[in-house]
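> Below: one structure in structure tokens.
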Amino acid sequence: MFKHYLKTLWRSLLKSKGFSAINIVGLAIGMASAMLIILWLQNMISTDRFYQKEDQLYILSNRDSNKGQVFAWQYTPKILGPTLRQEYPEVEDISRYSTTNFLFTVGTEKIFSAGAYVDTGFLSMFDMHVVKGSAINPLHGNTKIVLTEKFAKTLFGDKDPIGKTLKLDNTNYVTVSAVIQDLPSNTQFDFNYLVSWDYAKKIGYYDEYWGNNSVATFALLKPHTALSAFNKKIKNITINHTKGSDHQTTEVFAFPLSKRFLYNKAVNGQFVTGNIVMVRLFSVVALFILLIACINFMNLSTARSEKRAKEVGVRKVIGAHRRSLIGQFLSESILFSFIAFLIAAGIVAVALPFFNRLVGKQLSIAYSSPYIWIFAVCFVIFTGLLAGSYPALYLSSFQPVKVLKGTFKRINAKISLRSALVVTQFTFSIALIIATIVVSRQIKYTQERDKGYTENGLVYSFLTGQLEKNYTVIKNELLASGAVIAVSKNMSPITAQYSNAWGAKWPGSTPEDEHITFSRYSTDGGFVKTMQTRLVAGRDIDVARYPSDSTACLLNETAAQIMGLKNPIGQDIHFDTTLHIVGVVKDFIIQGVTAKIDPMIILGPCSWFSTMHYRLNPDRPTDESLKTIKAIFNKYNPEFPFEYTFVDKDYALKFTDLKRMSRLSSLFAGLTIFISCLGLLGLVMSLAETRTKEIGIRKVLGASVYSITSLLSRQFLKLVFIAFIIAAPVAWYCMHGWLMNYDYRVHIHWSWFALPGAFGLIIAMTAVGWQAVRAASINPVKSLKTE
């Protein structure tokens, strides 16, 4: 039986090469698109969900409220982890995790690389497989380091790294105790090496202050521990350990690590949304692209029903049951699906490197995994059944008496299922184009947002090695050289927020105001000139002219408004220490580009620093200025390479996720409209073929090419217009909901709907019109002969 179905399919393919090509190509593109999206979504869904004790792993989180709003975050004090392990028997092990960046010296080679501080239990908790060295507590003490395979090769080549000594930041020496496997692409951890918290204590990166939420804390709970009961026990751990002058109101709770990536955004103190929105969105995109391709198959199969009507009639006369006919047509559609799948697999193999760059992942297909082949078989069968279901039911319903008598007629209902399917195709295509436009407009809107400072010509370097020790002389030489016009030492890059805190007090503040979270920044002076921000009131911090500015601070506009001080200049506030306000600066963006600006206190020289900003002289060539700066840095910090970052390039990285979504939307919008137009093209070809005699007669009677073209294409253009009418409100509703996730967002404009509608009609007219003109131009003598 299968052999017979295969022969029938092969004959059908050869007999109608054009229709077969459209069917297979459309189905293949749809399947390839769905496969790429599924591969990406599978990577997202499986992020940090492959650990042996996945159901016992949790990340500790904080929750607090302020003026009726509840907030939650996943950074905790360094002291929390050890306290949990000591006081709660449900905790089997803990590990804190905090990223760092060290300069490695190996011989004459100097390499900056990112790593992390972790506790000794980290490797076993997260199944980090040791490929070389000791697997038993390789991070014990403050002189050990663990490398990834890739980084070990970078440092030592093919030599055995175990036992080798490395110099960190030109000050301390550590010994390589183990090498672990490289991290998979579906993990949020990102490091090239691991050092212990004992080493962090050795270099001074440690405190036991319960108000400093600066590290991620992971806990491995004992089997069968009830999460709800455990969360009730640890809820007040911070409150209980800070009773007194530094009393905190923060509650602590454990959140499953397996949900951390997908549910990374808190609403009312609960992690209930985040990347899961992207997963759901593109799951729908994958399903609809596949559905659009299957709709093409359905429409083209039913459109050519007259070609197979007699076959069905004869089969029924000789005893074939409808069930067997349905089986035949479904088998044919599965075979079609299999052929399309082979082409789709080739498309995926070729497109995967490009798609990886698009999504920022290293996706791959594990051909050796049996699950891949099981998925392939299920995918082919599912697609075949989906595409062939309606044609099988429709074609098998023909009545043999009417078919063989020649009285069989196609259904010409005003609203047919085929028309509804075409409308469905173009509704999704147009909606996706509208979504693409909204996303691109949101990107443009946020890019044009007033940053509050001038990014062009602003550069920063981290204070590595001797830079902070020699900062004053370096600053003076930089200014004297003419390469820069202003210099400022700061807590972090102007594009990143390293610290926030609460507990600020000011004249007239209430106990409730102490719960307000303020962003913290810092400057040694020259902040306004270096960043080229604008003073709203007062002056900049300047210790040289005003020695009392050692305890000065600046506020941003939002902080000044929240404090409600009529004249903030000269007022004292308490924020860890007593500070006096000398100026108010215009709000500037330091967090996400679409987020509202938080209140900020810019501390003076009494704070800590990690970064040095300098503004290049606009009257000198950039390359020349950088050479001068490099020479000065190398003079006073010779052991460290000169590294710098342009703020405008760093700021542009904030748009990575939005731009990725825009590119993906554009790509799949283009593919859906292409697949839909392929289907329209096939339908017009079928319509022209079944109306050959009618077209010939109309031409003999004097009908023009234009009138015949209009006759053939009018009904399809109506369907596209109906699709636009449906797509517009659906797209508005979806994109309005998406924009509500952003505090700073664009307002949807009606013109963004008109363009996709016009575009859809033009593309449809092109696809339909070309074939209609071709059919209308055929010599009527030939048309009537063929009949």
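Identifiers in this document derive from the order of the structure tokens: chains are assigned A, B, ..., residues are numbered from 1 separately in each chain, and ligands are numbered from 1 in order of occurrence.
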Write down as a ChimeraX atom specification the residues belonging to stretch 127-310 of chain A that are assigned strand (DSSP E or B) by DSSP computed on the backbone.
/A:130-133,144-148,165-168,172-180,193-196,215-221,251-256,265-267,270-273
> Those selected residues, please, written with N, CA and C atoms and delivered as a compact mmCIF listing (two decimals), in the first residue's frame.

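Dumped to result-v4.txt:
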# COMPACT_ATOMS: atom_id res chain seq x y z
N VAL A 130 35.27 18.43 36.38
CA VAL A 130 36.72 18.65 36.38
C VAL A 130 37.37 17.69 35.39
N VAL A 131 38.06 18.22 34.40
CA VAL A 131 38.72 17.39 33.39
C VAL A 131 40.20 17.20 33.68
N LYS A 132 40.78 18.10 34.49
CA LYS A 132 42.18 17.97 34.90
C LYS A 132 42.33 18.49 36.32
N GLY A 133 43.22 17.87 37.06
CA GLY A 133 43.48 18.32 38.41
C GLY A 133 42.60 17.65 39.44
N LYS A 144 44.34 29.27 45.34
CA LYS A 144 43.99 28.35 44.25
C LYS A 144 43.10 29.04 43.22
N ILE A 145 43.19 28.56 42.00
CA ILE A 145 42.33 29.06 40.93
C ILE A 145 41.92 27.90 40.03
N VAL A 146 40.69 27.94 39.55
CA VAL A 146 40.16 26.93 38.63
C VAL A 146 39.91 27.60 37.29
N LEU A 147 40.38 27.00 36.20
CA LEU A 147 40.24 27.56 34.86
C LEU A 147 39.28 26.74 34.02
N THR A 148 38.63 27.37 33.05
CA THR A 148 37.87 26.63 32.06
C THR A 148 38.86 26.09 31.02
N THR A 165 51.76 28.44 38.17
CA THR A 165 51.51 29.65 38.96
C THR A 165 51.13 30.81 38.05
N LEU A 166 50.13 31.55 38.48
CA LEU A 166 49.66 32.71 37.74
C LEU A 166 49.75 33.94 38.64
N LYS A 167 50.08 35.07 38.02
CA LYS A 167 50.15 36.33 38.74
C LYS A 167 48.89 37.14 38.43
N LEU A 168 48.14 37.52 39.48
CA LEU A 168 46.91 38.26 39.31
C LEU A 168 47.12 39.73 39.66
N ASN A 172 49.35 39.39 43.41
CA ASN A 172 49.22 38.11 44.11
C ASN A 172 49.44 36.93 43.16
N TYR A 173 49.88 35.81 43.75
CA TYR A 173 50.12 34.60 42.97
C TYR A 173 49.11 33.52 43.38
N VAL A 174 48.61 32.81 42.38
CA VAL A 174 47.71 31.69 42.63
C VAL A 174 48.18 30.49 41.82
N THR A 175 47.76 29.30 42.27
CA THR A 175 48.15 28.06 41.61
C THR A 175 46.93 27.41 40.96
N VAL A 176 47.11 26.95 39.74
CA VAL A 176 46.02 26.28 39.04
C VAL A 176 45.81 24.91 39.67
N SER A 177 44.63 24.70 40.26
CA SER A 177 44.35 23.43 40.94
C SER A 177 43.48 22.50 40.11
N ALA A 178 42.71 23.07 39.15
CA ALA A 178 41.83 22.23 38.34
C ALA A 178 41.43 22.96 37.07
N VAL A 179 41.02 22.17 36.08
CA VAL A 179 40.46 22.70 34.83
C VAL A 179 39.10 22.06 34.65
N ILE A 180 38.08 22.88 34.39
CA ILE A 180 36.72 22.37 34.23
C ILE A 180 36.27 22.53 32.78
N TYR A 193 37.34 31.74 34.78
CA TYR A 193 38.08 31.18 35.92
C TYR A 193 37.28 31.42 37.19
N LEU A 194 37.62 30.68 38.24
CA LEU A 194 36.97 30.82 39.54
C LEU A 194 38.03 30.97 40.62
N VAL A 195 37.82 31.90 41.54
CA VAL A 195 38.65 32.02 42.74
C VAL A 195 37.71 32.00 43.94
N SER A 196 38.27 31.71 45.10
CA SER A 196 37.42 31.53 46.29
C SER A 196 37.16 32.85 47.00
N VAL A 215 25.93 40.58 45.78
CA VAL A 215 26.30 39.28 45.23
C VAL A 215 25.06 38.41 45.06
N ALA A 216 25.18 37.43 44.17
CA ALA A 216 24.13 36.42 44.04
C ALA A 216 24.44 35.29 45.02
N THR A 217 23.43 34.84 45.73
CA THR A 217 23.61 33.76 46.70
C THR A 217 22.73 32.58 46.31
N PHE A 218 23.36 31.42 46.13
CA PHE A 218 22.65 30.20 45.75
C PHE A 218 22.65 29.23 46.91
N ALA A 219 21.54 28.52 47.06
CA ALA A 219 21.42 27.54 48.14
C ALA A 219 21.00 26.19 47.59
N LEU A 220 21.62 25.14 48.08
CA LEU A 220 21.21 23.77 47.78
C LEU A 220 20.47 23.25 49.01
N LEU A 221 19.16 23.11 48.88
CA LEU A 221 18.37 22.63 50.01
C LEU A 221 18.38 21.11 50.05
N GLU A 251 12.72 41.54 53.45
CA GLU A 251 12.41 40.13 53.62
C GLU A 251 13.22 39.31 52.62
N VAL A 252 13.55 38.09 53.00
CA VAL A 252 14.35 37.20 52.16
C VAL A 252 13.49 35.99 51.78
N PHE A 253 13.64 35.54 50.54
CA PHE A 253 12.95 34.33 50.11
C PHE A 253 13.79 33.61 49.06
N ALA A 254 13.57 32.31 48.96
CA ALA A 254 14.28 31.48 47.98
C ALA A 254 13.41 31.33 46.73
N PHE A 255 14.05 31.44 45.56
CA PHE A 255 13.34 31.32 44.29
C PHE A 255 14.00 30.22 43.48
N PRO A 256 13.22 29.31 42.87
CA PRO A 256 13.82 28.19 42.14
C PRO A 256 14.78 28.65 41.05
N LYS A 265 11.85 39.13 36.00
CA LYS A 265 11.32 40.47 36.28
C LYS A 265 10.24 40.37 37.34
N ALA A 266 10.36 41.21 38.34
CA ALA A 266 9.42 41.16 39.47
C ALA A 266 8.27 42.13 39.27
N VAL A 267 7.08 41.69 39.64
CA VAL A 267 5.89 42.52 39.66
C VAL A 267 5.24 42.36 41.02
N GLN A 270 6.93 39.75 43.21
CA GLN A 270 6.94 38.35 42.77
C GLN A 270 7.59 38.27 41.38
N PHE A 271 8.45 37.27 41.19
CA PHE A 271 9.07 37.07 39.87
C PHE A 271 8.10 36.25 39.02
N VAL A 272 7.32 36.97 38.22
CA VAL A 272 6.25 36.31 37.46
C VAL A 272 6.35 36.55 35.96
N THR A 273 7.30 37.35 35.52
CA THR A 273 7.42 37.62 34.09
C THR A 273 8.89 37.85 33.75
> Write out as an MDAnalysis selection string each polymer residue whose atoms come within 7 Å of A:Val484, counting only C-alpha atoms; drop sequence neighbours fewer than 6 positions from it.
chainID A and resid 478 614:617
> Write the residues of the selection above to a file with all heavy atoms, as a PDB file, in the first residue's frame.

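part.pdb was written with the following content:
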ATOM      1  N   LEU A 478      47.387  64.493  31.994  1.00  0.00           N
ATOM      2  CA  LEU A 478      46.405  64.393  30.909  1.00  0.00           C
ATOM      3  C   LEU A 478      45.882  65.770  30.518  1.00  0.00           C
ATOM      4  O   LEU A 478      45.778  66.103  29.328  1.00  0.00           O
ATOM      5  CB  LEU A 478      45.237  63.501  31.338  1.00  0.00           C
ATOM      6  CG  LEU A 478      45.485  61.993  31.400  1.00  0.00           C
ATOM      7  CD1 LEU A 478      44.280  61.284  32.000  1.00  0.00           C
ATOM      8  CD2 LEU A 478      45.784  61.433  30.017  1.00  0.00           C
ATOM      9  N   TYR A 614      37.361  60.469  31.070  1.00  0.00           N
ATOM     10  CA  TYR A 614      38.075  61.635  30.529  1.00  0.00           C
ATOM     11  C   TYR A 614      37.444  62.024  29.195  1.00  0.00           C
ATOM     12  O   TYR A 614      37.062  61.169  28.405  1.00  0.00           O
ATOM     13  CB  TYR A 614      39.573  61.374  30.376  1.00  0.00           C
ATOM     14  CG  TYR A 614      39.952  59.994  29.918  1.00  0.00           C
ATOM     15  CD1 TYR A 614      40.189  59.715  28.576  1.00  0.00           C
ATOM     16  CD2 TYR A 614      40.078  58.945  30.841  1.00  0.00           C
ATOM     17  CE1 TYR A 614      40.534  58.435  28.159  1.00  0.00           C
ATOM     18  CE2 TYR A 614      40.412  57.668  30.429  1.00  0.00           C
ATOM     19  CZ  TYR A 614      40.646  57.424  29.083  1.00  0.00           C
ATOM     20  OH  TYR A 614      40.985  56.160  28.663  1.00  0.00           O
ATOM     21  N   ARG A 615      37.306  63.332  29.001  1.00  0.00           N
ATOM     22  CA  ARG A 615      36.698  63.846  27.770  1.00  0.00           C
ATOM     23  C   ARG A 615      37.789  64.299  26.820  1.00  0.00           C
ATOM     24  O   ARG A 615      38.630  65.126  27.162  1.00  0.00           O
ATOM     25  CB  ARG A 615      35.757  65.010  28.081  1.00  0.00           C
ATOM     26  CG  ARG A 615      35.047  65.545  26.838  1.00  0.00           C
ATOM     27  CD  ARG A 615      33.856  66.397  27.190  1.00  0.00           C
ATOM     28  NE  ARG A 615      32.790  65.623  27.818  1.00  0.00           N
ATOM     29  CZ  ARG A 615      31.933  64.849  27.141  1.00  0.00           C
ATOM     30  NH1 ARG A 615      32.040  64.725  25.821  1.00  0.00           N
ATOM     31  NH2 ARG A 615      30.985  64.194  27.776  1.00  0.00           N
ATOM     32  N   LEU A 616      37.771  63.689  25.629  1.00  0.00           N
ATOM     33  CA  LEU A 616      38.787  63.992  24.632  1.00  0.00           C
ATOM     34  C   LEU A 616      38.646  65.426  24.121  1.00  0.00           C
ATOM     35  O   LEU A 616      37.544  65.971  24.033  1.00  0.00           O
ATOM     36  CB  LEU A 616      38.678  63.017  23.458  1.00  0.00           C
ATOM     37  CG  LEU A 616      38.839  61.524  23.784  1.00  0.00           C
ATOM     38  CD1 LEU A 616      38.716  60.692  22.506  1.00  0.00           C
ATOM     39  CD2 LEU A 616      40.154  61.239  24.471  1.00  0.00           C
ATOM     40  N   ASN A 617      39.780  65.993  23.784  1.00  0.00           N
ATOM     41  CA  ASN A 617      39.802  67.344  23.217  1.00  0.00           C
ATOM     42  C   ASN A 617      39.196  67.305  21.815  1.00  0.00           C
ATOM     43  O   ASN A 617      39.728  66.638  20.927  1.00  0.00           O
ATOM     44  CB  ASN A 617      41.241  67.854  23.158  1.00  0.00           C
ATOM     45  CG  ASN A 617      41.314  69.320  22.786  1.00  0.00           C
ATOM     46  OD1 ASN A 617      40.407  69.867  22.154  1.00  0.00           O
ATOM     47  ND2 ASN A 617      42.413  69.969  23.163  1.00  0.00           N
TER      48      ASN A 617
END
> In Å to one decimal, how far is atom CA of A:Asp182 from atom CA of A:Asn275?
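That distance, rounded to one decimal, is 24.4 Å.
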> For A:Ala28, find every residue with an atom within 10 Å (counting only C-alpha atoms), except residues of its own chain fewer than 5 positions away, and show them as a ChimeraX atom specification.
/A:22-23,33-34,290,293,336-347,675
> How would the residues just picked look written out with C-alpha atoms as a compact mmCIF listing (two decimals), in the first residue's frame?

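The result, written out as selection-v1.txt:
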# COMPACT_ATOMS: atom_id res chain seq x y z
CA ILE A 22 5.28 25.97 -4.67
CA ASN A 23 3.92 23.44 -2.16
CA SER A 33 11.76 28.89 10.20
CA ALA A 34 9.89 26.94 12.86
CA LEU A 290 4.28 26.65 10.16
CA ALA A 293 2.97 27.08 5.18
CA PHE A 336 5.29 15.85 0.98
CA SER A 337 6.22 16.93 4.50
CA PHE A 338 9.18 14.55 4.54
CA ILE A 339 10.55 15.94 1.27
CA ALA A 340 10.04 19.49 2.55
CA PHE A 341 11.75 18.53 5.83
CA LEU A 342 14.87 17.35 4.00
CA ILE A 343 15.07 20.70 2.21
CA ALA A 344 14.31 22.52 5.48
CA ALA A 345 17.12 20.65 7.25
CA GLY A 346 19.51 21.86 4.56
CA ILE A 347 18.25 25.44 4.97
CA ILE A 675 5.12 32.15 2.01
> Check the DSSP output for the backbone and give back, as a PDB file with N, CA and C atoms, in the first residue's frame, the residues of stretch 458-515 of chain A in alpha helix (DSSP H).

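Done, and the output landed in selection-v1.pdb:
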ATOM      1  N   TYR A 471      46.606  58.598  40.548  1.00  0.00           N
ATOM      2  CA  TYR A 471      45.536  59.285  39.827  1.00  0.00           C
ATOM      3  C   TYR A 471      45.791  60.787  39.695  1.00  0.00           C
ATOM      4  N   THR A 472      46.179  61.444  40.767  1.00  0.00           N
ATOM      5  CA  THR A 472      46.327  62.902  40.739  1.00  0.00           C
ATOM      6  C   THR A 472      47.356  63.348  39.710  1.00  0.00           C
ATOM      7  N   VAL A 473      48.516  62.697  39.689  1.00  0.00           N
ATOM      8  CA  VAL A 473      49.561  63.094  38.740  1.00  0.00           C
ATOM      9  C   VAL A 473      49.150  62.732  37.309  1.00  0.00           C
ATOM     10  N   ILE A 474      48.446  61.589  37.153  1.00  0.00           N
ATOM     11  CA  ILE A 474      47.958  61.203  35.814  1.00  0.00           C
ATOM     12  C   ILE A 474      46.952  62.231  35.314  1.00  0.00           C
ATOM     13  N   LYS A 475      46.050  62.635  36.181  1.00  0.00           N
ATOM     14  CA  LYS A 475      45.036  63.631  35.805  1.00  0.00           C
ATOM     15  C   LYS A 475      45.687  64.934  35.374  1.00  0.00           C
ATOM     16  N   ASN A 476      46.654  65.385  36.152  1.00  0.00           N
ATOM     17  CA  ASN A 476      47.327  66.650  35.828  1.00  0.00           C
ATOM     18  C   ASN A 476      48.061  66.568  34.497  1.00  0.00           C
ATOM     19  N   GLU A 477      48.730  65.439  34.245  1.00  0.00           N
ATOM     20  CA  GLU A 477      49.467  65.300  32.984  1.00  0.00           C
ATOM     21  C   GLU A 477      48.518  65.185  31.793  1.00  0.00           C
ATOM     22  N   LEU A 478      47.387  64.493  31.994  1.00  0.00           N
ATOM     23  CA  LEU A 478      46.405  64.393  30.909  1.00  0.00           C
ATOM     24  C   LEU A 478      45.882  65.770  30.518  1.00  0.00           C
ATOM     25  N   LEU A 479      45.558  66.597  31.510  1.00  0.00           N
ATOM     26  CA  LEU A 479      45.052  67.936  31.230  1.00  0.00           C
ATOM     27  C   LEU A 479      46.123  68.823  30.616  1.00  0.00           C
ATOM     28  N   ALA A 480      47.359  68.673  31.103  1.00  0.00           N
ATOM     29  CA  ALA A 480      48.464  69.484  30.570  1.00  0.00           C
ATOM     30  C   ALA A 480      48.824  69.097  29.136  1.00  0.00           C
ATOM     31  N   SER A 481      48.581  67.834  28.785  1.00  0.00           N
ATOM     32  CA  SER A 481      48.945  67.362  27.440  1.00  0.00           C
ATOM     33  C   SER A 481      48.040  67.915  26.347  1.00  0.00           C
TER      34      SER A 481
END
> Fewer than 2 positions away in the same chain doesn't count, so skip those; otherwise give me all residues within 12 Å of stretch 226-241 of chain A, counting only C-alpha atoms, as an NGL selection string.
:A and (55-64 or 76-81 or 83-85 or 87-91 or 208-213 or 219-224 or 243-256)
> Convert the current residue selection to file output with C-alpha atoms, as a PDB file, in the first residue's frame.

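Final output, out.pdb:
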ATOM      1  CA  ASP A  55      14.918  20.716  41.982  1.00  0.00           C
ATOM      2  CA  GLN A  56      17.018  21.498  45.098  1.00  0.00           C
ATOM      3  CA  LEU A  57      18.782  24.613  43.767  1.00  0.00           C
ATOM      4  CA  TYR A  58      17.513  28.090  44.632  1.00  0.00           C
ATOM      5  CA  ILE A  59      18.657  31.687  44.361  1.00  0.00           C
ATOM      6  CA  LEU A  60      18.111  33.858  47.421  1.00  0.00           C
ATOM      7  CA  SER A  61      16.111  37.004  46.764  1.00  0.00           C
ATOM      8  CA  ASN A  62      15.031  40.126  48.617  1.00  0.00           C
ATOM      9  CA  ARG A  63      11.646  41.798  48.900  1.00  0.00           C
ATOM     10  CA  ASP A  64      10.782  45.185  50.358  1.00  0.00           C
ATOM     11  CA  THR A  76      22.028  39.857  48.507  1.00  0.00           C
ATOM     12  CA  PRO A  77      24.587  40.707  51.228  1.00  0.00           C
ATOM     13  CA  LYS A  78      27.823  38.683  51.275  1.00  0.00           C
ATOM     14  CA  ILE A  79      27.079  37.576  54.827  1.00  0.00           C
ATOM     15  CA  LEU A  80      23.709  35.994  53.940  1.00  0.00           C
ATOM     16  CA  GLY A  81      25.064  32.725  52.520  1.00  0.00           C
ATOM     17  CA  THR A  83      24.505  32.701  57.895  1.00  0.00           C
ATOM     18  CA  LEU A  84      21.969  30.487  56.111  1.00  0.00           C
ATOM     19  CA  ARG A  85      24.310  27.509  56.176  1.00  0.00           C
ATOM     20  CA  GLU A  87      21.536  28.676  61.179  1.00  0.00           C
ATOM     21  CA  TYR A  88      19.183  26.601  58.993  1.00  0.00           C
ATOM     22  CA  PRO A  89      19.524  22.804  58.896  1.00  0.00           C
ATOM     23  CA  GLU A  90      17.483  22.639  55.633  1.00  0.00           C
ATOM     24  CA  VAL A  91      20.468  24.147  53.785  1.00  0.00           C
ATOM     25  CA  GLU A 208      29.570  41.718  56.457  1.00  0.00           C
ATOM     26  CA  TYR A 209      27.193  44.645  56.040  1.00  0.00           C
ATOM     27  CA  TRP A 210      23.593  43.438  55.687  1.00  0.00           C
ATOM     28  CA  GLY A 211      22.626  46.519  53.690  1.00  0.00           C
ATOM     29  CA  ASN A 212      25.134  45.888  50.871  1.00  0.00           C
ATOM     30  CA  ASN A 213      23.230  43.804  48.315  1.00  0.00           C
ATOM     31  CA  ALA A 219      21.422  27.543  48.142  1.00  0.00           C
ATOM     32  CA  LEU A 220      21.214  23.768  47.785  1.00  0.00           C
ATOM     33  CA  LEU A 221      18.371  22.631  50.009  1.00  0.00           C
ATOM     34  CA  LYS A 222      18.168  19.119  51.402  1.00  0.00           C
ATOM     35  CA  PRO A 223      15.851  16.682  49.573  1.00  0.00           C
ATOM     36  CA  HIS A 224      12.118  16.961  50.276  1.00  0.00           C
ATOM     37  CA  LYS A 243      17.997  45.154  64.874  1.00  0.00           C
ATOM     38  CA  GLY A 244      19.287  48.420  66.268  1.00  0.00           C
ATOM     39  CA  SER A 245      20.620  51.517  64.534  1.00  0.00           C
ATOM     40  CA  ASP A 246      20.820  49.845  61.111  1.00  0.00           C
ATOM     41  CA  HIS A 247      17.443  48.131  61.245  1.00  0.00           C
ATOM     42  CA  GLN A 248      16.395  46.720  57.877  1.00  0.00           C
ATOM     43  CA  THR A 249      12.882  45.892  56.677  1.00  0.00           C
ATOM     44  CA  THR A 250      13.938  43.594  53.833  1.00  0.00           C
ATOM     45  CA  GLU A 251      12.411  40.131  53.618  1.00  0.00           C
ATOM     46  CA  VAL A 252      14.345  37.196  52.163  1.00  0.00           C
ATOM     47  CA  PHE A 253      12.951  34.329  50.109  1.00  0.00           C
ATOM     48  CA  ALA A 254      14.281  31.483  47.977  1.00  0.00           C
ATOM     49  CA  PHE A 255      13.337  31.320  44.291  1.00  0.00           C
ATOM     50  CA  PRO A 256      13.823  28.185  42.138  1.00  0.00           C
TER      51      PRO A 256
END
> Fewer than 2 positions away in the same chain doesn't count, so skip those; otherwise give me all residues within 10 Å of A:Leu287, counting only C-alpha atoms, as a PyMOL selection string.
chain A and resi 30-31+33-34+37-38+282-285+289-292
> Write out as a list in words which residues come within 10 Å of A:Gly452 when counting only C-alpha atoms, dropping same-chain ones fewer than 4 positions away.
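These residues fall inside the cut-off: Met531, Gln532, Thr533, Arg534, Val585, Lys586, Asp587, Phe588, Ile589 and Ile590 of chain A.
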> Quick one: pull the distance between atom CA of A:Asp650 and atom CA of A:Leu262, Å, one decimal.
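Pair atom CA of A:Asp650 / atom CA of A:Leu262 returns 25.6 Å.
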> Could you please determine the separation between atom CA of A:Met491 and atom CA of A:Ser95 in Å, to one decimal place?
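Calculated distance between atom CA of A:Met491 and atom CA of A:Ser95 is 26.4 Å.
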> Identify which of the residues A:Tyr445, A:Phe759, A:Phe640, A:Phe382 lies closest to A:Cys294, counting only C-alpha atoms when measuring atom-to-atom distances.
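When distances to A:Cys294 are compared using only C-alpha atoms, the smallest one comes from A:Phe382.
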> Would you mind listing, for every residue of stretch 592-696 of chain A within 9 Å of stretch 559-578 of chain A, the two atoms forming the shortest contact and the distance between them in Å to one decimal, using only C-alpha atoms, sorted by chain and ascending residue number, as JSON lines?

{"residue": "A:Asp598", "atom": "CA", "partner": "A:Ala559", "partner_atom": "CA", "distance": 7.6}
{"residue": "A:Pro599", "atom": "CA", "partner": "A:Ala559", "partner_atom": "CA", "distance": 4.1}
{"residue": "A:Met600", "atom": "CA", "partner": "A:Ala559", "partner_atom": "CA", "distance": 5.7}
{"residue": "A:Ile601", "atom": "CA", "partner": "A:Ala559", "partner_atom": "CA", "distance": 7.2}
> Could you dump the residues just selected with N, CA, C and O atoms as an mmCIF file, in the first residue's frame?

data_model
loop_
_atom_site.group_PDB
_atom_site.id
_atom_site.type_symbol
_atom_site.label_atom_id
_atom_site.label_comp_id
_atom_site.auth_asym_id
_atom_site.auth_seq_id
_atom_site.Cartn_x
_atom_site.Cartn_y
_atom_site.Cartn_z
ATOM 1 N N ASP A 598 15.752 56.755 38.319
ATOM 2 C CA ASP A 598 15.611 56.658 39.765
ATOM 3 C C ASP A 598 16.255 57.860 40.448
ATOM 4 O O ASP A 598 17.152 58.508 39.880
ATOM 5 N N PRO A 599 15.849 58.148 41.670
ATOM 6 C CA PRO A 599 16.531 59.214 42.421
ATOM 7 C C PRO A 599 17.984 58.821 42.679
ATOM 8 O O PRO A 599 18.278 57.653 42.944
ATOM 9 N N MET A 600 18.887 59.774 42.561
ATOM 10 C CA MET A 600 20.319 59.473 42.684
ATOM 11 C C MET A 600 21.011 60.486 43.583
ATOM 12 O O MET A 600 20.736 61.689 43.520
ATOM 13 N N ILE A 601 21.912 59.977 44.397
ATOM 14 C CA ILE A 601 22.804 60.814 45.195
ATOM 15 C C ILE A 601 24.222 60.566 44.689
ATOM 16 O O ILE A 601 24.697 59.415 44.679
#
> Which one of A:Asn192, A:Thr530, A:Ser369, A:Thr108 sits closest to A:Gly457 if you count only C-alpha atoms?
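Under the stated criterion, the closest residue is A:Thr530.
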> Find, counting only C-alpha atoms, the residue in A:Lys718, A:Lys596, A:Arg539, A:Arg49 that gets nearest to A:Val584.
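Nearest to A:Val584: A:Arg539.
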> Using only C-alpha atoms, pick whichever of A:Ser364, A:Ser550, A:Thr510, A:Thr517 has the shortest atom-to-atom distance to A:Phe71.
A:Thr517
> Point out the residue among A:Glu109, A:Glu512, A:Asp524, A:Asp450 with the least atom-to-atom distance to A:Glu639, counting only C-alpha atoms.
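Residue with the minimum atom-to-atom distance to A:Glu639: A:Glu109.
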